[in-house]
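S.K.: File upload02.pdb below, PDB, C-alpha atoms:
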```pdb
MODEL        1
ATOM      1  CA  MET T   1     114.832 108.458 101.237
ATOM      2  CA  GLN T   2     116.649 111.246  99.443
ATOM      3  CA  GLY T   3     115.857 113.169  96.277
ATOM      4  CA  ASN T   4     112.776 115.254  95.556
ATOM      5  CA  THR T   5     109.035 114.739  95.133
ATOM      6  CA  ASN T   6     109.003 111.119  96.230
ATOM      7  CA  SER T   7     106.104 109.418  97.993
ATOM      8  CA  LEU T   8     105.968 106.595 100.538
ATOM      9  CA  ARG T   9     102.463 105.267 101.027
ATOM     10  CA  TRP T  10     100.929 102.234 102.726
ATOM     11  CA  ASN T  11     104.222 100.582 103.592
ATOM     12  CA  GLU T  12     104.824  98.483 106.712
ATOM     13  CA  THR T  13     108.203  98.706 108.434
ATOM     14  CA  THR T  14     109.017  96.502 111.403
ATOM     15  CA  GLY T  15     112.118  95.553 113.386
ATOM     16  CA  ASN T  16     114.610  97.528 111.303
ATOM     17  CA  GLY T  17     117.908  98.887 112.598
ATOM     18  CA  TYR T  18     120.563  98.181 115.182
ATOM     19  CA  ALA T  19     120.454  99.727 118.643
ATOM     20  CA  VAL T  20     124.002 101.080 118.444
ATOM     21  CA  PRO T  21     124.598 103.543 116.946
ATOM     22  CA  ASN T  22     121.106 104.913 117.440
ATOM     23  CA  ASP T  23     120.584 106.265 113.929
ATOM     24  CA  ASP T  24     118.640 103.544 112.139
ATOM     25  CA  PHE T  25     114.918 103.706 111.404
ATOM     26  CA  GLY T  26     111.792 102.222 109.897
ATOM     27  CA  ILE T  27     111.344 105.199 107.574
ATOM     28  CA  GLY T  28     114.028 107.861 107.091
ATOM     29  CA  VAL T  29     113.977 111.058 105.062
ATOM     30  CA  PHE T  30     117.649 111.987 104.745
ATOM     31  CA  SER T  31     117.332 115.000 102.475
ATOM     32  CA  GLY T  32     115.463 116.372  99.482
ATOM     33  CA  ASP T  33     112.449 118.601  98.975
ATOM     34  CA  ASN T  34     108.708 117.998  98.759
ATOM     35  CA  ASN T  35     108.644 114.361  99.903
ATOM     36  CA  LEU T  36     105.527 112.659 101.264
ATOM     37  CA  VAL T  37     105.323 109.995 104.012
ATOM     38  CA  GLU T  38     101.682 108.988 104.255
ATOM     39  CA  GLU T  39      99.698 106.203 105.949
ATOM     40  CA  ASN T  40     102.620 103.911 106.650
ATOM     41  CA  THR T  41     103.251 101.827 109.762
ATOM     42  CA  ALA T  42     106.478 101.682 111.778
ATOM     43  CA  TYR T  43     106.616  99.195 114.639
ATOM     44  CA  GLY T  44     109.568  97.985 116.713
ATOM     45  CA  ASN T  45     112.333  99.724 114.780
ATOM     46  CA  THR T  46     115.362 101.453 116.335
ATOM     47  CA  ASN T  47     113.477 104.668 115.522
ATOM     48  CA  GLY T  48     110.105 104.785 113.773
ATOM     49  CA  ILE T  49     110.286 107.792 111.427
ATOM     50  CA  ILE T  50     113.284 110.153 111.274
ATOM     51  CA  ILE T  51     113.371 113.390 109.278
ATOM     52  CA  PHE T  52     117.052 114.332 109.009
ATOM     53  CA  PRO T  53     118.336 117.946 109.049
ATOM     54  CA  PRO T  54     118.732 118.580 105.287
ATOM     55  CA  ALA T  55     115.137 117.606 104.391
ATOM     56  CA  THR T  56     112.740 120.414 103.429
ATOM     57  CA  ASN T  57     108.988 120.598 102.792
ATOM     58  CA  THR T  58     108.400 117.048 103.994
ATOM     59  CA  ARG T  59     104.808 116.059 104.756
ATOM     60  CA  VAL T  60     104.280 113.328 107.343
ATOM     61  CA  ARG T  61     100.639 112.444 107.763
ATOM     62  CA  GLY T  62      98.377 109.589 108.752
ATOM     63  CA  ASN T  63     101.168 107.262 109.829
ATOM     64  CA  VAL T  64     101.080 104.822 112.743
ATOM     65  CA  ALA T  65     104.453 104.747 114.523
ATOM     66  CA  VAL T  66     104.414 102.970 117.868
ATOM     67  CA  GLY T  67     106.688 100.656 119.841
ATOM     68  CA  ASN T  68     109.916 102.152 118.521
ATOM     69  CA  PRO T  69     112.201 100.803 119.865
ATOM     70  CA  PRO T  70     110.880  97.698 121.617
ATOM     71  CA  LEU T  71     110.728  97.908 125.396
ATOM     72  CA  GLN T  72     113.708  95.719 126.125
ATOM     73  CA  GLN T  73     115.950  97.775 123.857
ATOM     74  CA  SER T  74     114.780 101.112 125.178
ATOM     75  CA  THR T  75     115.294 100.071 128.786
ATOM     76  CA  GLY T  76     118.101  97.550 128.513
ATOM     77  CA  VAL T  77     120.630  98.881 126.021
ATOM     78  CA  PRO T  78     122.665 101.787 127.433
ATOM     79  CA  GLY T  79     122.878 104.844 125.251
ATOM     80  CA  THR T  80     119.876 104.082 123.064
ATOM     81  CA  ALA T  81     116.924 106.418 123.122
ATOM     82  CA  GLY T  82     114.936 105.749 120.014
ATOM     83  CA  VAL T  83     111.520 107.284 119.487
ATOM     84  CA  ASP T  84     108.488 106.832 117.266
ATOM     85  CA  ILE T  85     108.948 110.120 115.364
ATOM     86  CA  TRP T  86     112.101 112.257 115.428
ATOM     87  CA  ASP T  87     112.155 115.527 113.495
ATOM     88  CA  GLN T  88     115.703 116.799 113.042
ATOM     89  CA  SER T  89     114.840 119.191 110.223
ATOM     90  CA  ALA T  90     114.757 122.963 110.546
ATOM     91  CA  PRO T  91     111.724 124.427 112.334
ATOM     92  CA  GLY T  92     108.815 124.574 109.905
ATOM     93  CA  ALA T  93     110.516 122.414 107.271
ATOM     94  CA  THR T  94     108.316 119.413 108.029
ATOM     95  CA  SER T  95     104.554 119.257 108.543
ATOM     96  CA  PHE T  96     102.904 116.590 110.707
ATOM     97  CA  ASP T  97      99.219 115.728 110.574
ATOM     98  CA  LYS T  98      97.112 112.922 112.055
ATOM     99  CA  ASN T  99      99.941 110.567 112.940
ATOM    100  CA  ILE T 100      99.590 108.057 115.752
ATOM    101  CA  CYS T 101     102.638 107.824 117.989
ATOM    102  CA  VAL T 102     103.607 107.568 121.641
ATOM    103  CA  THR T 103     107.085 109.092 121.800
ATOM    104  CA  ALA T 104     108.572 111.867 119.684
ATOM    105  CA  ILE T 105     111.209 114.569 119.490
ATOM    106  CA  ASN T 106     110.202 117.868 117.833
ATOM    107  CA  ALA T 107     106.996 116.352 116.475
ATOM    108  CA  PRO T 108     103.443 116.415 117.804
ATOM    109  CA  CYS T 109     102.766 113.238 119.695
ATOM    110  CA  PRO T 110     100.414 111.762 120.536
ATOM    111  CA  ASN T 111      98.479 113.066 117.596
ATOM    112  CA  LEU T 112      95.526 110.738 117.315
ATOM    113  CA  ALA T 113      92.908 110.459 114.616
ATOM    114  CA  PRO T 114      89.955 108.084 115.072
ATOM    115  CA  SER T 115      89.636 107.473 111.334
ATOM    116  CA  GLN T 116      93.228 106.394 110.864
ATOM    117  CA  VAL T 117      93.828 104.223 107.803
ATOM    118  CA  PRO T 118      97.444 103.054 107.932
ATOM    119  CA  ARG T 119      97.207 100.851 104.886
ATOM    120  CA  LYS T 120      95.879 101.135 101.396
ATOM    121  CA  PRO T 121      92.096 100.884 101.589
ATOM    122  CA  GLY T 122      90.913  97.423 100.546
ATOM    123  CA  SER T 123      94.292  95.750 100.890
TER     124      SER T 123
ATOM    125  CA  MET A   1     127.676  92.604  83.293
ATOM    126  CA  HIS A   2     125.411  90.834  80.926
ATOM    127  CA  ASN A   3     122.529  92.108  78.943
ATOM    128  CA  ALA A   4     119.633  89.844  79.817
ATOM    129  CA  ARG A   5     118.825  89.321  76.150
ATOM    130  CA  GLY A   6     122.316  87.920  75.673
ATOM    131  CA  TRP A   7     121.939  85.013  78.085
ATOM    132  CA  THR A   8     121.397  81.699  76.344
ATOM    133  CA  GLY A   9     121.683  78.073  77.296
ATOM    134  CA  ALA A  10     125.252  78.074  76.013
ATOM    135  CA  VAL A  11     126.349  80.780  78.376
ATOM    136  CA  VAL A  12     128.707  79.925  81.146
ATOM    137  CA  VAL A  13     126.418  79.681  84.161
ATOM    138  CA  PRO A  14     124.463  76.464  83.888
ATOM    139  CA  ALA A  15     122.262  77.133  86.891
ATOM    140  CA  LEU A  16     120.929  80.375  85.419
ATOM    141  CA  THR A  17     117.998  79.837  83.144
ATOM    142  CA  ILE A  18     116.746  82.753  81.174
ATOM    143  CA  ALA A  19     114.290  82.227  78.377
ATOM    144  CA  VAL A  20     112.841  84.833  76.132
ATOM    145  CA  LEU A  21     109.086  84.592  75.894
ATOM    146  CA  LEU A  22     106.418  86.376  74.004
ATOM    147  CA  LEU A  23     103.759  87.391  76.487
ATOM    148  CA  GLY A  24     101.290  88.845  74.095
ATOM    149  CA  ALA A  25     100.938  92.120  72.324
ATOM    150  CA  ARG A  26     100.106  94.144  75.399
ATOM    151  CA  ASP A  27     103.196  93.172  77.381
ATOM    152  CA  GLY A  28     105.571  92.796  74.463
ATOM    153  CA  ARG A  29     108.729  90.704  74.872
ATOM    154  CA  ALA A  30     109.770  89.678  78.339
ATOM    155  CA  GLU A  31     112.650  87.874  79.981
ATOM    156  CA  ASP A  32     112.427  85.083  82.571
ATOM    157  CA  ILE A  33     114.997  84.751  85.340
ATOM    158  CA  SER A  34     115.573  81.899  87.768
ATOM    159  CA  GLY A  35     118.341  79.944  89.471
ATOM    160  CA  THR A  36     121.794  81.148  90.487
ATOM    161  CA  VAL A  37     123.095  84.478  89.219
ATOM    162  CA  MET A  38     126.880  84.844  89.128
ATOM    163  CA  ARG A  39     127.147  88.178  87.296
ATOM    164  CA  THR A  40     124.838  91.183  87.122
ATOM    165  CA  VAL A  41     121.795  90.586  84.944
ATOM    166  CA  MET A  42     121.097  93.742  82.931
ATOM    167  CA  LEU A  43     117.450  94.141  81.985
ATOM    168  CA  SER A  44     116.608  95.456  78.557
ATOM    169  CA  GLU A  45     112.893  94.665  78.479
ATOM    170  CA  ASN A  46     110.041  93.616  80.752
ATOM    171  CA  THR A  47     111.290  90.787  82.960
ATOM    172  CA  ARG A  48     109.928  88.405  85.548
ATOM    173  CA  LEU A  49     111.192  85.806  87.953
ATOM    174  CA  VAL A  50     109.929  82.306  87.212
ATOM    175  CA  ALA A  51     111.538  80.687  90.274
ATOM    176  CA  ASP A  52     113.592  81.754  93.273
ATOM    177  CA  VAL A  53     116.925  83.430  92.505
ATOM    178  CA  THR A  54     120.154  82.990  94.463
ATOM    179  CA  CYS A  55     122.646  85.802  93.864
ATOM    180  CA  ARG A  56     126.386  85.212  94.020
ATOM    181  CA  VAL A  57     127.344  88.535  92.442
ATOM    182  CA  THR A  58     130.083  90.567  94.130
ATOM    183  CA  GLY A  59     131.025  94.143  93.265
ATOM    184  CA  GLY A  60     127.700  95.020  91.675
ATOM    185  CA  PRO A  61     123.953  94.557  91.811
ATOM    186  CA  CYS A  62     122.325  91.207  91.214
ATOM    187  CA  ILE A  63     119.818  92.710  88.779
ATOM    188  CA  ALA A  64     120.121  96.144  87.152
ATOM    189  CA  PHE A  65     117.850  97.994  84.767
ATOM    190  CA  GLY A  66     119.546  98.639  81.437
ATOM    191  CA  ALA A  67     116.708 100.429  79.678
ATOM    192  CA  PRO A  68     113.927 102.882  80.585
ATOM    193  CA  ASN A  69     110.184 102.190  80.580
ATOM    194  CA  ILE A  70     110.323  98.555  81.663
ATOM    195  CA  VAL A  71     109.101  96.505  84.641
ATOM    196  CA  LEU A  72     110.635  93.737  86.744
ATOM    197  CA  ALA A  73     107.949  91.443  88.186
ATOM    198  CA  LEU A  74     109.068  89.312  91.118
ATOM    199  CA  ASN A  75     106.068  87.123  90.451
ATOM    200  CA  GLY A  76     105.861  85.751  93.997
ATOM    201  CA  PHE A  77     109.458  84.520  94.132
ATOM    202  CA  THR A  78     112.455  85.352  96.331
ATOM    203  CA  MET A  79     115.835  86.896  95.550
ATOM    204  CA  THR A  80     118.513  85.969  98.103
ATOM    205  CA  GLY A  81     121.963  87.523  98.480
ATOM    206  CA  GLN A  82     124.979  86.539 100.517
ATOM    207  CA  ALA A  83     124.326  88.198 103.857
ATOM    208  CA  ASP A  84     123.747  86.249 107.026
ATOM    209  CA  PRO A  85     120.135  85.141 107.565
ATOM    210  CA  ASP A  86     120.258  86.114 111.248
ATOM    211  CA  THR A  87     122.514  89.159 111.454
ATOM    212  CA  ALA A  88     122.401  90.393 107.842
ATOM    213  CA  CYS A  89     125.734  92.155 107.701
ATOM    214  CA  LYS A  90     128.164  90.024 109.632
ATOM    215  CA  GLY A  91     130.005  93.372 110.036
ATOM    216  CA  THR A  92     130.371  96.276 107.614
ATOM    217  CA  PRO A  93     128.091  96.412 104.565
ATOM    218  CA  THR A  94     129.490  96.024 101.071
ATOM    219  CA  SER A  95     127.887  99.014  99.378
ATOM    220  CA  THR A  96     128.090  97.615  95.849
ATOM    221  CA  ASP A  97     126.269  94.360  96.532
ATOM    222  CA  ILE A  98     122.711  95.523  95.877
ATOM    223  CA  GLY A  99     119.754  93.302  95.133
ATOM    224  CA  ILE A 100     118.068  95.414  92.440
ATOM    225  CA  SER A 101     119.419  98.714  91.083
ATOM    226  CA  THR A 102     117.472 101.024  88.794
ATOM    227  CA  ASN A 103     120.875 102.030  87.427
ATOM    228  CA  ALA A 104     119.941 105.542  86.239
ATOM    229  CA  GLN A 105     117.044 104.342  84.106
ATOM    230  CA  SER A 106     113.809 106.299  84.263
ATOM    231  CA  ASN A 107     110.201 105.250  84.377
ATOM    232  CA  VAL A 108     111.046 101.767  85.641
ATOM    233  CA  GLY A 109     109.095  99.672  88.118
ATOM    234  CA  ILE A 110     109.467  96.693  90.428
ATOM    235  CA  ARG A 111     106.295  94.760  91.070
ATOM    236  CA  GLY A 112     105.625  92.246  93.839
ATOM    237  CA  PRO A 113     104.614  90.149  95.449
ATOM    238  CA  GLY A 114     108.073  88.840  96.118
ATOM    239  CA  VAL A 115     110.955  88.943  98.586
ATOM    240  CA  VAL A 116     114.365  90.640  98.298
ATOM    241  CA  GLN A 117     116.580  89.475 101.152
ATOM    242  CA  ARG A 118     120.096  89.147 102.537
ATOM    243  CA  PHE A 119     121.966  91.559 100.305
ATOM    244  CA  MET A 120     125.189  93.084 101.622
ATOM    245  CA  ALA A 121     123.958  96.580 100.644
ATOM    246  CA  ASP A 122     120.444  97.859  99.882
ATOM    247  CA  GLY A 123     117.774  95.421  98.830
ATOM    248  CA  ILE A 124     116.386  97.828  96.218
ATOM    249  CA  LEU A 125     118.183 101.035  95.203
ATOM    250  CA  PHE A 126     116.689 103.829  93.096
ATOM    251  CA  MET A 127     119.752 105.547  91.687
ATOM    252  CA  GLY A 128     119.594 108.380  89.146
ATOM    253  CA  THR A 129     115.997 107.546  88.315
ATOM    254  CA  THR A 130     113.029 109.793  87.569
ATOM    255  CA  ARG A 131     109.488 108.413  87.794
ATOM    256  CA  GLY A 132     110.172 104.988  89.245
ATOM    257  CA  TRP A 133     108.034 102.795  91.487
ATOM    258  CA  VAL A 134     108.077  99.699  93.679
ATOM    259  CA  GLN A 135     104.933  97.963  94.898
ATOM    260  CA  ASN A 136     104.067  94.988  97.108
ATOM    261  CA  VAL A 137     107.632  93.832  97.731
ATOM    262  CA  THR A 138     108.946  92.434 101.017
ATOM    263  CA  THR A 139     112.539  93.373 101.848
ATOM    264  CA  THR A 140     114.252  91.721 104.785
ATOM    265  CA  THR A 141     117.658  91.195 106.394
ATOM    266  CA  ASN A 142     119.518  93.449 103.978
ATOM    267  CA  CYS A 143     122.707  95.082 105.263
ATOM    268  CA  MET A 144     121.717  98.645 104.472
ATOM    269  CA  SER A 145     118.130  99.706 103.755
ATOM    270  CA  GLY A 146     115.379  97.508 102.424
ATOM    271  CA  ILE A 147     114.470 100.185  99.864
ATOM    272  CA  ARG A 148     116.587 103.300  99.270
ATOM    273  CA  ILE A 149     116.014 106.344  97.059
ATOM    274  CA  ASN A 150     119.296 108.167  96.483
ATOM    275  CA  PRO A 151     119.720 111.963  96.005
ATOM    276  CA  THR A 152     119.762 111.793  92.207
ATOM    277  CA  SER A 153     116.331 110.192  91.992
ATOM    278  CA  SER A 154     112.974 111.948  92.011
ATOM    279  CA  GLN A 155     109.265 111.247  91.598
ATOM    280  CA  ILE A 156     109.648 107.764  93.025
ATOM    281  CA  SER A 157     106.548 106.006  94.394
ATOM    282  CA  VAL A 158     107.124 103.417  97.144
ATOM    283  CA  GLU A 159     103.775 101.817  97.840
ATOM    284  CA  SER A 160     102.402  98.868  99.840
ATOM    285  CA  ASN A 161     105.744  97.266 100.637
ATOM    286  CA  VAL A 162     106.859  95.441 103.793
ATOM    287  CA  SER A 163     110.330  96.124 105.163
ATOM    288  CA  VAL A 164     111.562  93.997 108.065
ATOM    289  CA  ARG A 165     114.886  93.618 109.936
ATOM    290  CA  ASN A 166     117.109  95.638 107.612
ATOM    291  CA  GLY A 167     120.005  97.728 108.863
ATOM    292  CA  ALA A 168     123.684  97.965 109.688
ATOM    293  CA  SER A 169     125.527  98.056 112.986
ATOM    294  CA  ALA A 170     128.616  99.747 111.553
ATOM    295  CA  ALA A 171     129.096 103.457 112.265
ATOM    296  CA  GLY A 172     128.461 105.697 109.267
ATOM    297  CA  PHE A 173     125.798 103.491 107.754
ATOM    298  CA  THR A 174     122.517 105.136 108.707
ATOM    299  CA  CYS A 175     119.792 102.972 107.267
ATOM    300  CA  GLY A 176     116.739 100.864 107.979
ATOM    301  CA  GLY A 177     113.452  99.960 106.362
ATOM    302  CA  ILE A 178     112.866 102.618 103.693
TER     303      ILE A 178
ENDMDL
END
```
Could you show the structure in this file as structure tokens?

M.R.:
Amino acid sequence: MQGNTNSLRWNETTGNGYAVPNDDFGIGVFSGDNNLVEENTAYGNTNGIIIFPPATNTRVRGNVAVGNPPLQQSTGVPGTAGVDIWDQSAPGATSFDKNICVTAINAPCPNLAPSQVPRKPGS
Amino acid sequence: MHNARGWTGAVVVPALTIAVLLLGARDGRAEDISGTVMRTVMLSENTRLVADVTCRVTGGPCIAFGAPNIVLALNGFTMTGQADPDTACKGTPTSTDIGISTNAQSNVGIRGPGVVQRFMADGILFMGTTRGWVQNVTTTTNCMSGIRINPTSSQISVESNVSVRNGASAAGFTCGGI
């Protein structure tokens, strides 16, 4: 995702990306300002959610990102080190709240919320 | 490229069937698309798929918006491009071969359910668009991202979609689900 004031809600992303190079993702915020990533799921992707360096004022909340990458890739493919959430943006440029994850770089994890609703209510 | 309104039974591609229907006062005129698409279909009004679509377009999107304030309804059908069903890219993506491009039109939407798969670039690309949306669409095995919003787009809502097994192995193509 690039551009400004976009929203990603209630999406399911699974099994996206190649192991090499390790830059693919389930959800990626490349750049832009004031973007929202809310209550999505990211399972078994090369990386779950990546916020790239140019992005500013990104809000990442209520997402479930686990199992990124799958076990065999993370342990069996040399040079790959994907994670559930990877914040590459400047310190303070991205806010994280109530996401569920197991592995992360520069993002709070695990950050569990018992009332997590990863999909649109009623769907 | 062809304006969707300009397709008729006499046009060159026999497998492409596009009929113009009146859907009632609320929806206004709408186009129907089905079959094999050989050249980019340019939408000028509300449009829907009425059967699966196989895309053989090279050098451009399969379907592109040509007017603002309109909706493409996939209507439960599947759009299939020319990528490999197992590996998607078979190598380097072809960045022009997009499934659906918003083509700098604003206030346009893509409504599922439906599948956009096996395109050599992005499945769905928001390009130069303000106030666009995509809902309930499954994107899979596309060579770049399933759904991409480019830097010239804003106020795009991506909601309740499923994105599976998209991506490129080539260096310099950072992509994935959304």

S.K.: Would you translate the ChimeraX specification (/T :<12) & /A into the concrete set of residues it matches in this file, as a PyMOL selection string?

M.R.: chain A and resi 87-89+91+124-178

S.K.: Which distance in Å separates atom CA of A:Arg48 and atom CA of A:Thr94, to one decimal?

M.R.: 26.1 Å

S.K.: For a test of reading the model, state the distance in Å between atom CA of T:Ile51 and atom CA of A:Thr92, rounded to one decimal.

M.R.: 24.2 Å

S.K.: Skipping near chain neighbours, those fewer than 3 positions away, what residues fall within 6 Å of stretch 63-66 of chain A using only C-alpha atoms, listed as a list in words?

M.R.: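 The neighbour list is Thr40, Val41, Met42, Leu43, Ser44, Ile100, Ser101, Thr102 and Asn103 of chain A.
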
S.K.: Can you list what the PyMOL selection byres ((chain T and resi 87) around 12) grabs from this structure, as a PDB file with C-alpha atoms, keeping the file's coordinate frame?

M.R.:
```
ATOM      1  CA  ILE T  27     111.344 105.199 107.574  1.00  0.00           C
ATOM      2  CA  GLY T  28     114.028 107.861 107.091  1.00  0.00           C
ATOM      3  CA  VAL T  29     113.977 111.058 105.062  1.00  0.00           C
ATOM      4  CA  PHE T  30     117.649 111.987 104.745  1.00  0.00           C
ATOM      5  CA  ASN T  47     113.477 104.668 115.522  1.00  0.00           C
ATOM      6  CA  GLY T  48     110.105 104.785 113.773  1.00  0.00           C
ATOM      7  CA  ILE T  49     110.286 107.792 111.427  1.00  0.00           C
ATOM      8  CA  ILE T  50     113.284 110.153 111.274  1.00  0.00           C
ATOM      9  CA  ILE T  51     113.371 113.390 109.278  1.00  0.00           C
ATOM     10  CA  PHE T  52     117.052 114.332 109.009  1.00  0.00           C
ATOM     11  CA  PRO T  53     118.336 117.946 109.049  1.00  0.00           C
ATOM     12  CA  PRO T  54     118.732 118.580 105.287  1.00  0.00           C
ATOM     13  CA  ALA T  55     115.137 117.606 104.391  1.00  0.00           C
ATOM     14  CA  THR T  56     112.740 120.414 103.429  1.00  0.00           C
ATOM     15  CA  THR T  58     108.400 117.048 103.994  1.00  0.00           C
ATOM     16  CA  ARG T  59     104.808 116.059 104.756  1.00  0.00           C
ATOM     17  CA  VAL T  60     104.280 113.328 107.343  1.00  0.00           C
ATOM     18  CA  VAL T  83     111.520 107.284 119.487  1.00  0.00           C
ATOM     19  CA  ASP T  84     108.488 106.832 117.266  1.00  0.00           C
ATOM     20  CA  ILE T  85     108.948 110.120 115.364  1.00  0.00           C
ATOM     21  CA  TRP T  86     112.101 112.257 115.428  1.00  0.00           C
ATOM     22  CA  GLN T  88     115.703 116.799 113.042  1.00  0.00           C
ATOM     23  CA  SER T  89     114.840 119.191 110.223  1.00  0.00           C
ATOM     24  CA  ALA T  90     114.757 122.963 110.546  1.00  0.00           C
ATOM     25  CA  PRO T  91     111.724 124.427 112.334  1.00  0.00           C
ATOM     26  CA  GLY T  92     108.815 124.574 109.905  1.00  0.00           C
ATOM     27  CA  ALA T  93     110.516 122.414 107.271  1.00  0.00           C
ATOM     28  CA  THR T  94     108.316 119.413 108.029  1.00  0.00           C
ATOM     29  CA  SER T  95     104.554 119.257 108.543  1.00  0.00           C
ATOM     30  CA  PHE T  96     102.904 116.590 110.707  1.00  0.00           C
ATOM     31  CA  THR T 103     107.085 109.092 121.800  1.00  0.00           C
ATOM     32  CA  ALA T 104     108.572 111.867 119.684  1.00  0.00           C
ATOM     33  CA  ILE T 105     111.209 114.569 119.490  1.00  0.00           C
ATOM     34  CA  ASN T 106     110.202 117.868 117.833  1.00  0.00           C
ATOM     35  CA  ALA T 107     106.996 116.352 116.475  1.00  0.00           C
ATOM     36  CA  PRO T 108     103.443 116.415 117.804  1.00  0.00           C
ATOM     37  CA  CYS T 109     102.766 113.238 119.695  1.00  0.00           C
TER      38      CYS T 109
END
```
